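Asker: Take a look at this one; I'll ask things after.
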Amino acid sequence: TEKEVTEKVADLRAEFEREALRRNSPTIAQYATRVLEQKRSHIRQSTFNNYVQATKKYIVEPFGDKLVCDITFDEINSIMQIVEHLSQSTYRTVCMLYKRIFASALKEHIILEDPAAEISAKGGVSPQKGGRALTDEQVKILLNAVKGLPPYTFILLALYAGLRREEILALQWDSINLDSAYPSIEVHRTWFIDRNRPYIIDDVKSEAAKRTVTYLIDIFHCFLVISRS
């Protein structure tokens, strides 16, 4: 019948399109690398490094040899169910990478439908709220344990100035003001590692991270220790 002929033609066209896609489709490993490189100039090096690691572990390792056009929603979802038990930050990163890769593939006509479109952007384990600070007694025990050792000044800065590891390791003398009535620290650099080599850049994680830490008399103590070492 005419209806049967129309259905057969539609099936043949769909099959032809699938075969054409397969002939021209890159592998996940090839395409994920290309998409990441296109975004490299728009993000910080440390962020790019995190994306590379996440892509390798949660996209390339499970699916690297498969063609982009062959990946299904169920396959992506199986990985997201694993990532669901990790931190929210990791979940959001992996989800974003999957969505970016397949949205780009759809735009370039490498795929006909986006298998990552329905993946939920919400997931992962919430960070523990209201984390307990060290008690005065615990601080005393900690400082006594490291006194005279290389980490002593590092721990002083973490305790009394509230700086993160990458902020402490990026400190230089032009960030320090000890001449005013209240010593202060300008936080505007970040330390990171790329290919086992340390780097310091004039940038921080966010605008909120760029700050002046002041009115802390213990800061003077920290840098008195540094100047004597």
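Residue numbering restarts at 1 in every chain; chains get A, B, ... in the order shown in the structure tokens, and ligands count up from 1 in that same order.
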Which of segment 68-145 of chain A end up as alpha helix (DSSP H) when DSSP is run on this backbone - answer as a VMD selection string?
Answerer: chain A and resid 73 to 83 88 to 107 136 to 145
Asker: Using only C-alpha atoms, find the one residue out of A:Ile82, A:Val94, A:Ala121, A:Arg40 that sits nearest to Gln53 of chain A.
Answerer: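 Between A:Ile82, A:Val94, A:Ala121, A:Arg40, the residue approaching Gln53 of chain A most closely is A:Val94.
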Asker: To one decimal place in Å, what is the distance between atom CA of Ala116 of chain A and atom CA of Phe63 of chain A?
Answerer: 13.9 Å
Asker: At a cut-off of 8 Å, using only C-alpha atoms, what residues contact Phe192 of chain A? Leave out same-chain residues fewer than 6 positions from it and give the result as a CSV table (one decimal) with N, CA and C atoms, in the first residue's frame.
Answerer:
chain,number,residue,atom,x,y,z
A,46,SER,N,44.2,26.3,35.7
A,46,SER,CA,43.9,25.3,36.7
A,46,SER,C,42.5,24.7,36.5
A,166,GLU,N,46.1,27.1,48.1
A,166,GLU,CA,46.6,27.7,46.9
A,166,GLU,C,46.8,29.2,47.1
A,198,PRO,N,54.9,23.5,39.5
A,198,PRO,CA,54.1,24.6,40.2
A,198,PRO,C,54.1,25.9,39.4
A,199,TYR,N,53.0,26.6,39.4
A,199,TYR,CA,52.8,27.9,38.8
A,199,TYR,C,52.1,28.8,39.7
A,200,ILE,N,52.3,30.1,39.6
A,200,ILE,CA,51.6,31.1,40.3
A,200,ILE,C,51.0,32.1,39.2
Asker: Quick check for you: according to DSSP on this backbone, which residues of segment 67-229 of chain A are classed as strand (DSSP E)? Reply as a PyMOL selection string.
Answerer: chain A and resi 176-177+184-187+190-194+197-201+211-213
Asker: With only C-alpha atoms as the counted atoms, please give the residues lying no more than 10 Å from segment 65-67 of chain A, apart from itself and same-chain residues fewer than 5 positions off, as number ranges by chain.
Answerer: A: 21-31, 60, 110
Asker: Return the single residue from A:Gln138, A:Gly123, A:Val204, A:Arg189 that is closest to Ser89 of chain A, with distances computed using only C-alpha atoms.
Answerer: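 Closest residue, counting only C-alpha atoms: A:Gly123.
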Asker: As a list in words, please: the residues near Ser175 of chain A (cut-off 7 Å, only C-alpha atoms, same-chain neighbours under 2 positions excluded).
Answerer: Leu171, Gln172, Trp173, Asn177, Ile185, Glu186 and Val187 of chain A
Asker: What lies within 9 Å of Ile168 of chain A using only C-alpha atoms, ignoring chain neighbours under 6 positions off, as a PyMOL selection string?
Answerer: chain A and resi 154+157-158+187+190-191
